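Just below is one structure, and these are the notes that go with it.
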Amino acid sequence: MNMMLPSILEQPDAPRDLSRTIGRLAIRALYTELALYPKPGLVSPIDNGAHDDMTMATFMRSLFSLRSYFPQVASAGESDFARLQQLGIDAERRMMAATGGINTHRGAIFNLGLLSAAAGYRVSNNLPLDANTICQTVADLWGADILASEPVDSNGSRALARHGGDGARQQAAGGYAVLREVALPAFQDTLQQGGIRTAASLQSFFAIMSVLNDTNILHRAGRDGLDYVQKEARDFLSSGGVFARDHLARATDLHRAFCAHRISPGGAADLLSCTIFLHDLEALP
């Protein structure tokens, strides 16, 4: 199954259609995140992480169900938030139908959808596709409506009600500070120091985990669990991160520990996908 997706991504635009290109980059970013291993607690081609209800095949079915969503939402970049929200609701229904009711990509539908819409808006207005301004465009165009919208009743929203802190809505409305200030610098710095994309993805993932108020972790492990994850991520980075000789062994050990404690940093995974997506948008000719 995982041989099929890259062939879709390699299809050229004829004629060139940037909404379709944005959509393919979004799907490729989600696939790249899924394929990354070791990725503590999360599903990968190697194992199911801390989950007993989903596999890589579940995520692949979900990805294929979302192929039309990201070009649609990119094309709708000049719309109001209500239109974007309806596209997201429709995409979530297709995802749930494809996965048998398993939530694989709700966070990505929200975050990557908003960033795709912001990229589409900037294309429509002949504005540059740089990562920082794409993030800020989300805040400028839809931030107030995002905060005013009714929160979806979910494990994440209930975890925020119990434990506090910012969630995905606050991150988006504020222009994705974690992406701009933490995740993208970690990804780009790793590449500049000679690291490959896989290493940059892993470094960025740990950088995100070190600071994010991850509602997936809060739901499964509470505030103590989140404190544990953030400390382990900071320790990994301060010990050299992906440039340490034993970094794969350390990340694999953490993967086993997270799985044993049923910890799944799904929020960090969503933002890693967004990081890869924004990096690749900037690289477009």
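Ligands are numbered from 1 in the order shown, residues from 1 within each chain, and chains are lettered A, B, ... in the order they appear in the structure tokens.
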Using only C-alpha atoms, which protein or nucleic acid residues come within 12 Å of Ser44 of chain A? Drop anything in the same chain fewer than 3 positions from it, and give the result as a ChimeraX atom specification. /A:2,30-41,47-51,54-60,255,269
Kindly provide the residues of segment 69-147 of chain A that approach segment 211-235 of chain A to within 12 Å, each paired with its closest atom pair and their distance in Å to one decimal, based on only C-alpha atoms, listed by chain and increasing number, as CSV.
residue,atom,partner,partner_atom,distance
A:Asn103,CA,A:Asn216,CA,11.7
A:Thr104,CA,A:Asn216,CA,12.0
A:Arg106,CA,A:Asn216,CA,11.7
A:Gly107,CA,A:Asn216,CA,10.2
So that I have them on file, write out the residues from the current selection with N, CA and C atoms, as a short mmCIF file (atom, residue, chain, number, x, y, z; two decimals), in the first residue's frame.
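Writing done, so here's again-v7.cif:
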data_model
loop_
_atom_site.label_atom_id
_atom_site.label_comp_id
_atom_site.auth_asym_id
_atom_site.auth_seq_id
_atom_site.Cartn_x
_atom_site.Cartn_y
_atom_site.Cartn_z
N ASN A 103 -10.34 8.00 14.72
CA ASN A 103 -9.82 9.34 14.47
C ASN A 103 -8.32 9.28 14.21
N THR A 104 -7.95 9.30 12.96
CA THR A 104 -6.54 9.28 12.59
C THR A 104 -5.99 10.68 12.32
N ARG A 106 -7.90 14.01 12.60
CA ARG A 106 -8.73 15.19 12.90
C ARG A 106 -7.87 16.43 13.10
N GLY A 107 -6.76 16.28 13.83
CA GLY A 107 -5.87 17.43 14.05
C GLY A 107 -5.26 17.94 12.76
#
So, with only C-alpha atoms as the atoms that count, which of A:Arg169, A:Arg94, A:Arg61, A:Arg197 lies closest to Val242 of chain A? A:Arg197
How far is it from atom CA of Ile146 of chain A to atom CA of Ala117 of chain A, in Å with one decimal? 13.7 Å
d(atom CA of Ile27 of chain A, atom CA of Leu114 of chain A) in Å: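 Between atom CA of Ile27 of chain A and atom CA of Leu114 of chain A the gap is 13.9 Å.
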Determine, counting only C-alpha atoms, which protein, DNA and RNA residues have an atom within 8 Å of an atom of segment 64-76 of chain A; residues of the same chain fewer than 3 positions away are not included. Present the result as a PyMOL selection string. chain A and resi 19-24+26-27+60-61+79+83-84+87-88+91+94-95+98+113-114+116-121
Which one is closest to Ala244 of chain A: A:Gly266, A:Ser201, A:Ser210, A:Gly195? Count only C-alpha atoms.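 Ranked by minimum distance to Ala244 of chain A, first place goes to A:Gly195.
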In segment 31-204 of chain A, DSSP helix (DSSP H, G or I) residues written as number ranges by chain: A: 31-35, 56-65, 69-75, 81-99, 106-124, 131-148, 155-163, 168-173, 177-192, 197-204
When you draw a straight line from atom CA of Ala172 of chain A to atom CA of Ile134 of chain A, how long is it in Å?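 Going from atom CA of Ala172 of chain A over to atom CA of Ile134 of chain A covers 11.1 Å.
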List as an mmCIF file with C-alpha atoms, in the first residue's frame the protein and nucleic acid residues near Thr275 of chain A, meaning an atom at most 12 Å away when only C-alpha atoms are counted, but skip any in the same chain fewer than 3 places from it.
data_model
loop_
_atom_site.group_PDB
_atom_site.id
_atom_site.type_symbol
_atom_site.label_atom_id
_atom_site.label_comp_id
_atom_site.auth_asym_id
_atom_site.auth_seq_id
_atom_site.Cartn_x
_atom_site.Cartn_y
_atom_site.Cartn_z
ATOM 1 C CA LEU A 25 2.365 18.633 -0.554
ATOM 2 C CA ALA A 26 -0.068 18.343 2.367
ATOM 3 C CA ARG A 28 3.096 14.068 1.235
ATOM 4 C CA ALA A 29 3.810 15.751 4.565
ATOM 5 C CA LEU A 30 1.303 13.488 6.316
ATOM 6 C CA THR A 32 6.355 11.537 5.618
ATOM 7 C CA GLU A 33 5.295 11.909 9.245
ATOM 8 C CA ALA A 108 -4.341 17.440 10.591
ATOM 9 C CA ASN A 111 -4.170 22.517 11.247
ATOM 10 C CA LEU A 112 -2.940 21.455 7.840
ATOM 11 C CA LEU A 115 -2.353 26.302 6.508
ATOM 12 C CA ASP A 130 7.105 31.793 3.083
ATOM 13 C CA ALA A 131 6.326 29.806 6.201
ATOM 14 C CA ASN A 132 6.149 32.630 8.731
ATOM 15 C CA ILE A 134 1.514 31.634 5.928
ATOM 16 C CA CYS A 135 1.195 31.008 9.666
ATOM 17 C CA TYR A 176 1.311 28.945 15.173
ATOM 18 C CA ALA A 177 4.147 30.202 17.352
ATOM 19 C CA VAL A 178 5.423 26.660 17.958
ATOM 20 C CA LEU A 179 5.821 26.132 14.223
ATOM 21 C CA ARG A 180 7.499 29.493 13.601
ATOM 22 C CA GLU A 181 9.722 29.656 16.667
ATOM 23 C CA VAL A 182 10.538 26.018 17.429
ATOM 24 C CA ALA A 183 9.646 23.419 14.810
ATOM 25 C CA LEU A 184 10.736 25.089 11.573
ATOM 26 C CA PRO A 185 14.039 26.385 12.991
ATOM 27 C CA ALA A 186 14.856 22.877 14.265
ATOM 28 C CA PHE A 187 14.037 21.335 10.875
ATOM 29 C CA GLN A 188 15.950 23.904 8.845
ATOM 30 C CA ARG A 197 15.181 15.058 5.837
ATOM 31 C CA ALA A 200 15.390 16.953 10.345
ATOM 32 C CA SER A 201 11.935 15.462 10.895
ATOM 33 C CA LEU A 202 13.028 13.616 14.018
ATOM 34 C CA GLN A 203 14.806 16.681 15.428
ATOM 35 C CA SER A 204 11.744 18.804 14.775
ATOM 36 C CA PHE A 205 9.470 16.212 16.371
ATOM 37 C CA ALA A 207 11.641 20.056 19.542
ATOM 38 C CA ILE A 208 7.840 20.206 19.272
ATOM 39 C CA ALA A 268 3.291 16.825 18.047
ATOM 40 C CA ALA A 269 2.773 14.538 15.046
ATOM 41 C CA ASP A 270 0.219 16.977 13.587
ATOM 42 C CA LEU A 271 2.631 19.884 13.911
ATOM 43 C CA LEU A 272 5.475 17.851 12.443
ATOM 44 C CA LEU A 278 5.642 24.604 5.211
ATOM 45 C CA HIS A 279 9.257 23.761 4.469
ATOM 46 C CA ASP A 280 8.289 22.191 1.149
ATOM 47 C CA LEU A 281 6.040 25.127 0.218
ATOM 48 C CA GLU A 282 8.982 27.480 0.628
#
Contacts of Leu147 of chain A at 7 Å (only C-alpha atoms; same-chain gap of 3+ positions) as a PDB file with all heavy atoms, in the first residue's frame:
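Final file, out_1.pdb:
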ATOM      1  N   GLY A 143      -8.351  34.142  12.725  1.00  0.00           N
ATOM      2  CA  GLY A 143      -8.049  33.944  14.145  1.00  0.00           C
ATOM      3  C   GLY A 143      -9.214  34.234  15.062  1.00  0.00           C
ATOM      4  O   GLY A 143      -9.539  33.433  15.958  1.00  0.00           O
ATOM      5  N   ALA A 144      -9.883  35.363  14.868  1.00  0.00           N
ATOM      6  CA  ALA A 144     -11.000  35.730  15.751  1.00  0.00           C
ATOM      7  C   ALA A 144     -12.136  34.720  15.635  1.00  0.00           C
ATOM      8  O   ALA A 144     -12.742  34.328  16.644  1.00  0.00           O
ATOM      9  CB  ALA A 144     -11.490  37.130  15.409  1.00  0.00           C
ATOM     10  N   ARG A 169      -6.816  25.282  18.762  1.00  0.00           N
ATOM     11  CA  ARG A 169      -7.503  26.500  18.359  1.00  0.00           C
ATOM     12  C   ARG A 169      -6.690  27.734  18.733  1.00  0.00           C
ATOM     13  O   ARG A 169      -6.546  28.677  17.938  1.00  0.00           O
ATOM     14  CB  ARG A 169      -8.903  26.557  18.989  1.00  0.00           C
ATOM     15  CG  ARG A 169      -9.853  25.510  18.453  1.00  0.00           C
ATOM     16  CD  ARG A 169     -11.060  25.291  19.334  1.00  0.00           C
ATOM     17  NE  ARG A 169     -11.966  26.435  19.339  1.00  0.00           N
ATOM     18  CZ  ARG A 169     -12.193  27.220  20.388  1.00  0.00           C
ATOM     19  NH1 ARG A 169     -11.584  26.974  21.544  1.00  0.00           N
ATOM     20  NH2 ARG A 169     -13.032  28.219  20.310  1.00  0.00           N
ATOM     21  N   GLN A 170      -6.149  27.741  19.935  1.00  0.00           N
ATOM     22  CA  GLN A 170      -5.339  28.878  20.380  1.00  0.00           C
ATOM     23  C   GLN A 170      -4.044  28.980  19.572  1.00  0.00           C
ATOM     24  O   GLN A 170      -3.583  30.079  19.234  1.00  0.00           O
ATOM     25  CB  GLN A 170      -5.039  28.760  21.871  1.00  0.00           C
ATOM     26  CG  GLN A 170      -6.227  28.952  22.786  1.00  0.00           C
ATOM     27  CD  GLN A 170      -7.130  27.728  22.862  1.00  0.00           C
ATOM     28  OE1 GLN A 170      -6.719  26.616  22.491  1.00  0.00           O
ATOM     29  NE2 GLN A 170      -8.348  27.902  23.362  1.00  0.00           N
ATOM     30  N   ALA A 173      -5.055  30.432  16.124  1.00  0.00           N
ATOM     31  CA  ALA A 173      -5.463  31.839  16.216  1.00  0.00           C
ATOM     32  C   ALA A 173      -4.283  32.749  16.511  1.00  0.00           C
ATOM     33  O   ALA A 173      -4.294  33.935  16.157  1.00  0.00           O
ATOM     34  CB  ALA A 173      -6.538  32.000  17.290  1.00  0.00           C
TER      35      ALA A 173
END
Go through A:Gly165, A:His105, A:Gly175, A:Arg256 and flag the residue nearest Thr133 of chain A, using only C-alpha atoms for the distances.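 With only C-alpha atoms as the atom set, the closest residue is A:Gly175.
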